[in-house]
$ cat upload-v3.cif   # mmCIF, C-alpha atoms
data_query
loop_
_atom_site.label_atom_id
_atom_site.label_comp_id
_atom_site.auth_asym_id
_atom_site.auth_seq_id
_atom_site.Cartn_x
_atom_site.Cartn_y
_atom_site.Cartn_z
CA MET A 100 -50.64 -0.91 49.88
CA ILE A 101 -54.09 -2.31 49.09
CA VAL A 102 -53.99 -4.69 46.13
CA ARG A 103 -57.29 -6.26 45.14
CA PRO A 104 -59.64 -6.66 42.17
CA ARG A 105 -62.03 -3.76 41.92
CA PRO A 106 -65.28 -4.82 43.62
CA ASN A 107 -68.71 -3.96 42.32
CA ALA A 108 -70.55 -0.79 43.30
CA VAL A 109 -72.47 -2.44 46.13
CA ALA A 110 -69.39 -4.07 47.68
CA LEU A 111 -67.54 -0.74 47.61
CA LEU A 112 -70.08 0.64 50.10
CA PHE A 113 -69.10 -1.88 52.78
CA ILE A 114 -65.32 -2.37 52.37
CA LEU A 115 -63.31 -1.26 55.40
CA ARG A 116 -59.78 -2.58 54.69
CA GLY A 117 -57.86 0.26 53.11
CA SER A 118 -60.62 2.73 53.93
CA VAL A 119 -60.20 5.76 56.20
CA VAL A 120 -63.45 4.88 58.00
CA PRO A 121 -61.76 3.14 60.99
CA ARG A 122 -59.60 6.21 61.61
CA ILE A 123 -62.39 8.77 61.42
CA THR A 124 -65.12 6.74 63.14
CA PRO A 125 -64.36 8.15 66.64
CA HIS A 126 -64.56 11.70 65.26
CA LEU A 127 -67.82 10.92 63.49
CA LEU A 128 -69.33 9.47 66.67
CA VAL A 129 -68.38 12.55 68.67
CA LEU A 130 -69.85 14.79 65.98
CA ALA A 131 -73.04 12.69 65.86
CA LEU A 132 -73.47 13.03 69.62
CA PHE A 133 -72.82 16.76 69.41
CA THR A 134 -75.36 17.18 66.60
CA ALA A 135 -77.92 15.08 68.48
CA LEU A 136 -77.41 17.28 71.52
CA VAL A 137 -78.01 20.41 69.45
CA VAL A 138 -81.17 18.89 67.97
CA PHE A 139 -82.43 17.77 71.39
CA VAL A 140 -81.90 21.22 72.92
CA HIS A 141 -83.69 22.80 69.99
CA GLU A 142 -86.59 20.31 70.04
CA GLN A 143 -87.08 20.81 73.79
CA ALA A 144 -87.20 24.57 73.19
CA TRP A 145 -84.51 25.13 75.78
CA ILE A 146 -82.68 27.18 73.18
CA VAL A 147 -84.62 27.94 70.00
CA LEU A 148 -82.22 28.23 67.11
CA PRO A 149 -83.27 30.44 64.20
CA GLU A 150 -83.42 29.03 60.68
CA LEU A 151 -80.11 30.23 59.27
CA SER A 152 -79.31 30.76 55.62
CA LEU A 153 -77.15 28.03 54.13
CA ALA A 154 -75.44 30.43 51.71
CA PRO A 155 -72.42 31.13 53.98
CA PHE A 156 -71.97 27.39 54.60
CA ALA A 157 -72.19 26.70 50.87
CA LEU A 158 -69.47 29.25 50.13
CA LEU A 159 -67.26 27.99 52.95
CA GLY A 160 -67.86 24.40 51.86
CA ILE A 161 -66.77 25.16 48.30
CA ALA A 162 -63.62 26.92 49.53
CA LEU A 163 -62.83 24.08 51.92
CA SER A 164 -63.33 21.51 49.16
CA ILE A 165 -60.85 23.36 46.97
CA PHE A 166 -58.27 23.57 49.77
CA LEU A 167 -58.66 19.89 50.67
CA GLY A 168 -58.50 18.91 47.01
CA PHE A 169 -55.29 20.88 46.53
CA ARG A 170 -53.76 19.31 49.62
CA ASN A 171 -54.72 15.82 48.47
CA ASN A 172 -53.23 16.48 45.04
CA ALA A 173 -49.99 17.60 46.69
CA ALA A 174 -49.98 14.52 48.93
CA TYR A 175 -50.65 12.21 45.96
CA ASP A 176 -47.82 13.83 44.01
CA ARG A 177 -45.47 12.93 46.88
CA TRP A 178 -46.81 9.35 46.94
CA TRP A 179 -46.47 8.93 43.17
CA GLU A 180 -43.00 10.52 43.09
CA ALA A 181 -41.88 8.08 45.79
CA ARG A 182 -43.26 5.15 43.78
CA LYS A 183 -41.47 6.34 40.65
CA GLN A 184 -38.20 6.57 42.54
CA TRP A 185 -38.48 3.00 43.79
CA GLY A 186 -39.40 1.91 40.28
CA GLU A 187 -36.22 3.62 39.10
CA MET A 188 -34.27 1.68 41.73
CA VAL A 189 -35.65 -1.63 40.41
CA PHE A 190 -34.62 -0.58 36.89
CA GLU A 191 -31.11 0.45 37.91
CA ILE A 192 -30.39 -2.70 39.92
CA ARG A 193 -31.55 -4.91 37.06
CA SER A 194 -29.46 -2.89 34.63
CA LEU A 195 -26.42 -3.10 36.92
CA ALA A 196 -26.81 -6.86 37.22
CA ARG A 197 -27.06 -7.20 33.43
CA SER A 198 -24.19 -4.82 32.68
CA SER A 199 -21.88 -6.43 35.23
CA GLU A 200 -22.64 -9.86 33.78
CA THR A 201 -21.86 -8.56 30.28
CA LEU A 202 -18.62 -6.85 31.26
CA LEU A 203 -17.30 -9.41 33.73
CA ALA A 204 -18.86 -12.62 32.35
CA ARG A 205 -20.28 -15.20 34.70
CA GLU A 206 -17.04 -16.47 36.12
CA SER A 207 -16.99 -19.00 38.91
CA GLU A 208 -17.05 -17.76 42.49
CA GLN A 209 -13.47 -19.04 42.94
CA GLN A 210 -12.17 -16.50 40.44
CA GLN A 211 -11.52 -12.99 41.67
CA ALA A 212 -13.70 -11.14 39.16
CA GLY A 213 -16.66 -13.33 40.05
CA ILE A 214 -16.13 -12.67 43.76
CA TRP A 215 -15.96 -8.93 43.16
CA ARG A 216 -19.11 -9.00 41.03
CA ARG A 217 -20.94 -10.86 43.77
CA GLN A 218 -19.73 -8.32 46.33
CA LEU A 219 -20.86 -5.46 44.10
CA LEU A 220 -24.40 -6.77 43.74
CA HIS A 221 -24.66 -7.74 47.39
CA TRP A 222 -23.69 -4.22 48.47
CA CYS A 223 -26.39 -2.87 46.16
CA ALA A 224 -28.93 -5.23 47.70
CA ALA A 225 -27.84 -4.10 51.16
CA HIS A 226 -28.28 -0.50 50.03
CA CYS A 227 -31.89 -1.22 49.07
CA PHE A 228 -32.74 -2.73 52.47
CA ALA A 229 -30.80 -0.05 54.36
CA LEU A 230 -32.72 2.68 52.54
CA LYS A 231 -36.02 0.98 53.38
CA GLY A 232 -35.00 0.85 57.04
CA ALA A 233 -34.01 4.52 57.06
CA LEU A 234 -37.25 5.65 55.42
CA ARG A 235 -39.42 3.56 57.74
CA ARG A 236 -37.22 4.15 60.80
CA GLU A 237 -36.98 0.40 61.32
CA ASN A 238 -34.17 -1.94 62.27
CA VAL A 239 -32.99 -3.91 59.24
CA ASP A 240 -29.92 -5.59 60.75
CA ALA A 241 -31.33 -9.03 59.94
CA ASP A 242 -31.76 -8.08 56.27
CA LEU A 243 -28.21 -6.74 56.06
CA THR A 244 -26.86 -9.95 57.61
CA ARG A 245 -28.35 -11.96 54.72
CA TRP A 246 -26.23 -10.00 52.25
CA LEU A 247 -23.07 -8.95 54.08
CA ALA A 248 -20.44 -10.54 56.28
CA ALA A 249 -20.77 -9.95 60.01
CA ASP A 250 -17.79 -7.57 60.07
CA ASP A 251 -19.22 -5.59 57.15
CA VAL A 252 -22.59 -5.28 58.87
CA LYS A 253 -20.91 -4.08 62.07
CA GLN A 254 -18.87 -1.55 60.13
CA ALA A 255 -21.90 -0.33 58.17
CA LEU A 256 -23.93 0.25 61.31
CA THR A 257 -21.29 2.62 62.66
CA HIS A 258 -22.25 5.13 59.94
CA GLN A 259 -25.17 7.52 60.25
CA ASN A 260 -26.25 6.90 56.66
CA VAL A 261 -25.96 3.16 56.16
CA ALA A 262 -27.49 3.19 52.68
CA ASP A 263 -24.93 5.73 51.44
CA TYR A 264 -22.11 3.69 52.97
CA CYS A 265 -23.30 0.61 51.06
CA LEU A 266 -23.07 2.52 47.79
CA ARG A 267 -19.59 3.75 48.68
CA ARG A 268 -18.48 0.19 49.31
CA ALA A 269 -20.00 -0.85 45.97
CA GLY A 270 -17.98 1.95 44.35
CA ARG A 271 -14.86 0.71 46.13
CA THR A 272 -15.46 -2.72 44.61
CA LEU A 273 -15.60 -1.14 41.14
CA GLY A 274 -12.30 0.56 41.84
CA GLU A 275 -10.72 -2.77 42.77
CA LEU A 276 -12.01 -4.30 39.54
CA TYR A 277 -10.56 -1.43 37.53
CA ARG A 278 -7.16 -1.50 39.24
CA ALA A 279 -7.00 -5.28 38.80
CA GLY A 280 -7.57 -4.87 35.07
CA LYS A 281 -10.87 -6.76 35.05
CA ILE A 282 -12.68 -3.80 33.46
CA ASP A 283 -11.45 -0.83 31.43
CA ALA A 284 -12.29 2.84 31.88
CA VAL A 285 -15.41 2.55 29.71
CA GLY A 286 -16.71 -0.40 31.71
CA LEU A 287 -15.98 1.43 34.94
CA ARG A 288 -17.98 4.44 33.76
CA ILE A 289 -20.92 2.27 32.69
CA LEU A 290 -21.17 0.50 36.04
CA ASP A 291 -20.49 3.61 38.08
CA GLU A 292 -23.34 5.44 36.34
CA HIS A 293 -25.77 2.89 37.77
CA LEU A 294 -24.45 3.57 41.28
CA THR A 295 -24.77 7.30 40.65
CA ARG A 296 -28.41 6.93 39.70
CA LEU A 297 -29.06 4.73 42.76
CA SER A 298 -27.60 7.55 44.84
CA ALA A 299 -29.99 9.97 43.11
CA VAL A 300 -32.92 7.71 43.99
CA GLN A 301 -31.81 7.70 47.62
CA ALA A 302 -31.49 11.48 47.69
CA ALA A 303 -34.97 11.89 46.18
CA CYS A 304 -36.52 9.54 48.75
CA GLU A 305 -34.75 11.37 51.58
CA ARG A 306 -36.06 14.66 50.20
CA ILE A 307 -39.63 13.35 50.21
CA ALA A 308 -39.31 11.86 53.70
CA GLY A 309 -37.60 14.94 55.14
CA THR A 310 -39.77 17.65 53.60
CA PRO A 311 -43.43 17.29 54.60
CA LEU A 312 -46.15 19.60 53.38
CA PRO A 313 -46.03 23.00 55.15
CA PHE A 314 -47.46 22.49 58.63
CA ALA A 315 -49.34 25.79 58.59
CA TYR A 316 -51.29 24.71 55.50
CA THR A 317 -52.10 21.32 57.02
CA LEU A 318 -53.23 23.01 60.23
CA LEU A 319 -55.43 25.47 58.35
CA THR A 320 -57.32 22.81 56.38
CA HIS A 321 -57.66 20.55 59.43
CA ARG A 322 -59.06 23.27 61.67
CA THR A 323 -61.36 24.61 58.97
CA ALA A 324 -62.79 21.16 58.25
CA TYR A 325 -63.62 20.53 61.91
CA LEU A 326 -64.94 24.05 62.49
CA TYR A 327 -67.22 23.75 59.46
CA CYS A 328 -68.61 20.37 60.51
CA TYR A 329 -69.28 21.46 64.09
CA LEU A 330 -71.04 24.65 62.96
CA LEU A 331 -73.14 22.90 60.32
CA PRO A 332 -75.71 21.41 62.79
CA PHE A 333 -76.74 24.91 63.90
CA ALA A 334 -77.68 25.75 60.30
CA LEU A 335 -79.53 22.47 59.65
CA VAL A 336 -81.39 21.82 62.86
CA ALA A 337 -84.25 24.31 62.34
CA ALA A 338 -85.06 23.04 58.85
CA LEU A 339 -84.27 19.31 59.16
CA GLY A 340 -84.73 18.42 62.80
CA TRP A 341 -83.28 15.00 63.59
CA TYR A 342 -82.30 14.52 59.95
CA ALA A 343 -79.57 17.09 60.65
CA VAL A 344 -77.57 14.28 62.30
CA LEU A 345 -77.58 12.22 59.10
CA PHE A 346 -76.66 15.06 56.73
CA THR A 347 -73.97 16.39 59.06
CA LEU A 348 -72.35 12.96 59.19
CA ILE A 349 -72.40 12.67 55.39
CA VAL A 350 -70.62 15.99 55.01
CA ALA A 351 -68.21 15.17 57.85
CA TYR A 352 -67.35 11.79 56.30
CA THR A 353 -66.21 13.58 53.15
CA PHE A 354 -64.18 16.32 54.81
CA PHE A 355 -62.71 14.22 57.64
CA GLY A 356 -61.93 11.43 55.18
CA LEU A 357 -60.09 13.73 52.78
CA ASP A 358 -58.14 15.20 55.66
CA VAL A 359 -57.02 11.79 56.97
CA LEU A 360 -56.32 10.39 53.50
CA SER A 361 -53.98 13.27 52.70
CA GLN A 362 -52.15 12.59 55.99
CA GLU A 363 -51.59 8.96 54.96
CA MET A 364 -50.37 9.76 51.45
CA GLU A 365 -48.17 12.63 52.64
CA GLU A 366 -45.87 10.03 54.26
CA PRO A 367 -45.64 7.30 51.57
CA PHE A 368 -42.91 5.20 53.22
CA GLY A 369 -44.74 4.08 56.38
CA ARG A 370 -46.84 1.01 57.09
CA GLU A 371 -50.32 2.44 56.72
CA ALA A 372 -52.71 0.55 54.47
CA ASN A 373 -52.19 2.97 51.58
CA ASP A 374 -48.41 3.39 51.90
CA LEU A 375 -45.90 1.98 49.43
CA PRO A 376 -45.04 -1.76 49.64
CA LEU A 377 -41.31 -1.33 50.26
CA ASP A 378 -40.91 -4.93 51.48
CA ALA A 379 -42.32 -6.22 48.19
CA LEU A 380 -40.11 -3.87 46.15
CA CYS A 381 -37.03 -4.99 48.08
CA ARG A 382 -38.01 -8.58 47.32
CA VAL A 383 -38.20 -7.71 43.61
CA ASN A 384 -34.62 -6.43 43.76
CA GLU A 385 -33.52 -9.51 45.68
CA ILE A 386 -34.99 -11.78 43.02
CA SER A 387 -33.21 -9.85 40.24
CA ILE A 388 -29.83 -10.01 42.00
CA ARG A 389 -29.97 -13.65 43.06
CA GLU A 390 -31.09 -14.85 39.64
CA SER A 391 -28.32 -12.81 38.01
CA LEU A 392 -25.78 -14.50 40.31
CA GLY A 393 -27.23 -17.94 39.66
CA GLU A 394 -28.50 -18.26 43.24
CA ASP A 395 -31.83 -19.56 44.46
CA ALA A 396 -34.30 -16.68 44.40
CA PRO A 397 -37.31 -16.36 46.72
CA LYS A 398 -40.86 -15.96 45.50
CA PRO A 399 -42.36 -12.47 45.16
CA LEU A 400 -44.29 -11.28 48.19
CA GLN A 401 -48.04 -11.71 47.89
CA PRO A 402 -50.81 -9.60 49.43
CA VAL A 403 -52.18 -10.80 52.76
CA LYS A 404 -55.87 -10.01 53.04
CA HIS A 405 -55.47 -7.69 50.04
CA ARG A 406 -52.61 -5.80 51.73
CA LEU A 407 -49.08 -5.81 50.30
CA GLU A 408 -46.33 -4.63 52.67
#

$ encode --input "upload-v3.cif" --output "structure tokens"
Amino acid sequence: MIVRPRPNAVALLFILRGSVVPRITPHLLVLALFTALVVFVHEQAWIVLPELSLAPFALLGIALSIFLGFRNNAAYDRWWEARKQWGEMVFEIRSLARSSETLLARESEQQQAGIWRRQLLHWCAAHCFALKGALRRENVDADLTRWLAADDVKQALTHQNVADYCLRRAGRTLGELYRAGKIDAVGLRILDEHLTRLSAVQAACERIAGTPLPFAYTLLTHRTAYLYCYLLPFALVAALGWYAVLFTLIVAYTFFGLDVLSQEMEEPFGREANDLPLDALCRVNEISIRESLGEDAPKPLQPVKHRLE
């Protein structure tokens, strides 16, 4: 995710990091060459193009703008919903750390309740990293090893849904605390509710990742945008001549850019410049858990060249 102070109006014209310009530049170059070819053919009178009315292009452009705007709103809703879910995860893990400290007290690691509390929070931390790995389709074995014993990591990786397994093991730890008399039924319910809400966060993220926008709608807007931009030179060449190249590129930058931007935001869990900083959010959870356990906590992740992973 791009994190930077808002530049002034002039600087905004030249910023590339976080922009869709690098992704659409090849398409713009091809369109510029195509438009230049149309203008050249027309100027050489090899094929004389009539001066067409711009009314049909204006109507189609308005309709296309509405469709692209709707698609971008839908994509942003997915991005914002994903961010809210990860914000909910941060809240629940902090609340679980606080509630477990209140109910179990900060006993020494040699005492059984303290060991179980540490196991509980470590399984929740492992759940966070496992969910990140599942959403990004990345290997997070090294992250799990920092929180779990080698045998636990090996056992977790035998399951198809590692994040869900981590929550089940956290629930098993609560059951051991209850059966050992370290917490009563009320305390068990309080702590288990946090695990339930973490499971709801996971389910919501899996829903977002597994249910993209309807492909037919994406295909329609994509095809229409390209068809419009490649037909536009034929309507502009008779009236504008070589200026048709410039105005076609301006229109294409808008439509191609909106199309690519919606593609990025439709999948908010990846590693594109505008995707969510899941590494930084996992670090936030790690800090909360380690400080609650009295362990040395790492520093928050900082943006590198205005980009936070």

$ resolve_selection --input "upload-v3.cif" --expression "the PyMOL selection byres ((chain A and resi 372-376) around 8)" --output "PyMOL selection string"
chain A and resi 100-101+116-117+178+182+363-364+366-371+377-380+406-408

$ closest_residue --input "upload-v3.cif" --among "A:Leu132, A:Leu202, A:Val403, A:Cys381" --to "Gly232 in chain A" --atoms "all atoms listed in the file"
A:Cys381

$ atom_distance --input "upload-v3.cif" --atom1 "CA of Ala181 in chain A" --atom2 "CA of Ala299 in chain A"
12.3 Å

$ resolve_selection --input "upload-v3.cif" --expression "the PyMOL selection byres ((chain A and resi 357) around 12)" --output "PDB file with C-alpha atoms, keeping the file's coordinate frame"
ATOM      1  CA  SER A 118     -60.620   2.730  53.930  1.00  0.00           C
ATOM      2  CA  VAL A 119     -60.200   5.760  56.200  1.00  0.00           C
ATOM      3  CA  VAL A 120     -63.450   4.880  58.000  1.00  0.00           C
ATOM      4  CA  ARG A 122     -59.600   6.210  61.610  1.00  0.00           C
ATOM      5  CA  ILE A 123     -62.390   8.770  61.420  1.00  0.00           C
ATOM      6  CA  LEU A 163     -62.830  24.080  51.920  1.00  0.00           C
ATOM      7  CA  SER A 164     -63.330  21.510  49.160  1.00  0.00           C
ATOM      8  CA  ILE A 165     -60.850  23.360  46.970  1.00  0.00           C
ATOM      9  CA  PHE A 166     -58.270  23.570  49.770  1.00  0.00           C
ATOM     10  CA  LEU A 167     -58.660  19.890  50.670  1.00  0.00           C
ATOM     11  CA  GLY A 168     -58.500  18.910  47.010  1.00  0.00           C
ATOM     12  CA  PHE A 169     -55.290  20.880  46.530  1.00  0.00           C
ATOM     13  CA  ARG A 170     -53.760  19.310  49.620  1.00  0.00           C
ATOM     14  CA  ASN A 171     -54.720  15.820  48.470  1.00  0.00           C
ATOM     15  CA  ASN A 172     -53.230  16.480  45.040  1.00  0.00           C
ATOM     16  CA  ALA A 174     -49.980  14.520  48.930  1.00  0.00           C
ATOM     17  CA  TYR A 175     -50.650  12.210  45.960  1.00  0.00           C
ATOM     18  CA  THR A 317     -52.100  21.320  57.020  1.00  0.00           C
ATOM     19  CA  THR A 320     -57.320  22.810  56.380  1.00  0.00           C
ATOM     20  CA  HIS A 321     -57.660  20.550  59.430  1.00  0.00           C
ATOM     21  CA  ALA A 324     -62.790  21.160  58.250  1.00  0.00           C
ATOM     22  CA  TYR A 325     -63.620  20.530  61.910  1.00  0.00           C
ATOM     23  CA  VAL A 350     -70.620  15.990  55.010  1.00  0.00           C
ATOM     24  CA  ALA A 351     -68.210  15.170  57.850  1.00  0.00           C
ATOM     25  CA  TYR A 352     -67.350  11.790  56.300  1.00  0.00           C
ATOM     26  CA  THR A 353     -66.210  13.580  53.150  1.00  0.00           C
ATOM     27  CA  PHE A 354     -64.180  16.320  54.810  1.00  0.00           C
ATOM     28  CA  PHE A 355     -62.710  14.220  57.640  1.00  0.00           C
ATOM     29  CA  GLY A 356     -61.930  11.430  55.180  1.00  0.00           C
ATOM     30  CA  ASP A 358     -58.140  15.200  55.660  1.00  0.00           C
ATOM     31  CA  VAL A 359     -57.020  11.790  56.970  1.00  0.00           C
ATOM     32  CA  LEU A 360     -56.320  10.390  53.500  1.00  0.00           C
ATOM     33  CA  SER A 361     -53.980  13.270  52.700  1.00  0.00           C
ATOM     34  CA  GLN A 362     -52.150  12.590  55.990  1.00  0.00           C
ATOM     35  CA  GLU A 363     -51.590   8.960  54.960  1.00  0.00           C
ATOM     36  CA  MET A 364     -50.370   9.760  51.450  1.00  0.00           C
ATOM     37  CA  GLU A 365     -48.170  12.630  52.640  1.00  0.00           C
TER      38      GLU A 365
END

$ atom_distance --input "upload-v3.cif" --atom1 "CA of Glu142 in chain A" --atom2 "CA of Leu128 in chain A"
20.7 Å

$ resolve_selection --input "upload-v3.cif" --expression "the PyMOL selection byres ((chain A and resi 187) around 12)" --output "list in words"
Glu180, Ala181, Arg182, Lys183, Gln184, Trp185, Gly186, Met188, Val189, Phe190, Glu191, Ile192, Arg193, Ser194, Cys227, His293, Leu294, Arg296, Leu297, Ser298, Ala299, Val300, Gln301, Ala303, Cys304, Leu380 and Asn384 of chain A

$ residues_around --input "upload-v3.cif" --residues "Ser199 in chain A" --least-positions-apart "3" --cutoff "10 Å" --atoms "all atoms listed in the file" --output "list in words"
Arg193, Ser194, Leu195, Ala196, Leu202, Leu203, Ala204, Arg205, Gly213, Arg216, Arg217, Leu219, Leu220, Ile282, Gly286, Leu287, Ile289, Leu290 and Ser391 of chain A

$ closest_residue --input "upload-v3.cif" --among "A:Tyr342, A:Thr347, A:Leu159, A:Ala302" --to "Thr323 in chain A" --atoms "only C-alpha atoms"
A:Leu159

$ atom_distance --input "upload-v3.cif" --atom1 "CA of Arg235 in chain A" --atom2 "CA of Arg197 in chain A"
29.3 Å

$ closest_residue --input "upload-v3.cif" --among "A:Arg177, A:Arg271, A:Thr201, A:Val140" --to "Leu312 in chain A" --atoms "only C-alpha atoms"
A:Arg177

$ closest_residue --input "upload-v3.cif" --among "A:Glu394, A:Glu385, A:Asp176, A:Tyr327" --to "Leu158 in chain A" --atoms "all atoms listed in the file"
A:Tyr327

$ closest_residue --input "upload-v3.cif" --among "A:Trp341, A:Phe346, A:Trp215, A:Phe139" --to "Tyr277 in chain A" --atoms "all atoms listed in the file"
A:Trp215

$ residues_around --input "upload-v3.cif" --residues "Ala269 in chain A" --least-positions-apart "3" --cutoff "7 Å" --atoms "only C-alpha atoms" --output "PyMOL selection string"
chain A and resi 219+222-223+265-266+272-273

$ closest_residue --input "upload-v3.cif" --among "A:Leu230, A:Ala241, A:Ala279, A:Ala337" --to "Asn260 in chain A" --atoms "all atoms listed in the file"
A:Leu230

$ build_atoms --input "upload-v3.cif" --residues "range 303-318 of chain A" --atoms "N, CA and C atoms" --output "CSV table (one decimal), in the frame of the given file"
chain,number,residue,atom,x,y,z
A,303,ALA,N,-33.6,11.5,46.4
A,303,ALA,CA,-35.0,11.9,46.2
A,303,ALA,C,-35.9,11.4,47.3
A,304,CYS,N,-35.7,10.1,47.7
A,304,CYS,CA,-36.5,9.5,48.8
A,304,CYS,C,-36.3,10.3,50.1
A,305,GLU,N,-35.0,10.6,50.4
A,305,GLU,CA,-34.8,11.4,51.6
A,305,GLU,C,-35.4,12.8,51.5
A,306,ARG,N,-35.4,13.3,50.3
A,306,ARG,CA,-36.1,14.7,50.2
A,306,ARG,C,-37.6,14.6,50.5
A,307,ILE,N,-38.2,13.5,50.0
A,307,ILE,CA,-39.6,13.4,50.2
A,307,ILE,C,-39.9,13.1,51.7
A,308,ALA,N,-39.1,12.2,52.3
A,308,ALA,CA,-39.3,11.9,53.7
A,308,ALA,C,-39.0,13.0,54.6
A,309,GLY,N,-38.0,13.9,54.3
A,309,GLY,CA,-37.6,14.9,55.1
A,309,GLY,C,-38.2,16.3,54.9
A,310,THR,N,-39.1,16.4,53.9
A,310,THR,CA,-39.8,17.6,53.6
A,310,THR,C,-41.3,17.4,53.5
A,311,PRO,N,-42.0,17.5,54.6
A,311,PRO,CA,-43.4,17.3,54.6
A,311,PRO,C,-44.1,18.5,54.0
A,312,LEU,N,-45.4,18.4,53.8
A,312,LEU,CA,-46.2,19.6,53.4
A,312,LEU,C,-46.1,20.7,54.5
A,313,PRO,N,-46.1,21.9,54.1
A,313,PRO,CA,-46.0,23.0,55.2
A,313,PRO,C,-47.1,22.8,56.3
A,314,PHE,N,-46.6,22.8,57.5
A,314,PHE,CA,-47.5,22.5,58.6
A,314,PHE,C,-48.6,23.5,58.8
A,315,ALA,N,-48.3,24.8,58.5
A,315,ALA,CA,-49.3,25.8,58.6
A,315,ALA,C,-50.5,25.5,57.7
A,316,TYR,N,-50.2,25.0,56.5
A,316,TYR,CA,-51.3,24.7,55.5
A,316,TYR,C,-52.1,23.5,56.0
A,317,THR,N,-51.4,22.5,56.5
A,317,THR,CA,-52.1,21.3,57.0
A,317,THR,C,-53.0,21.7,58.2
A,318,LEU,N,-52.5,22.6,59.1
A,318,LEU,CA,-53.2,23.0,60.2
A,318,LEU,C,-54.5,23.8,59.8
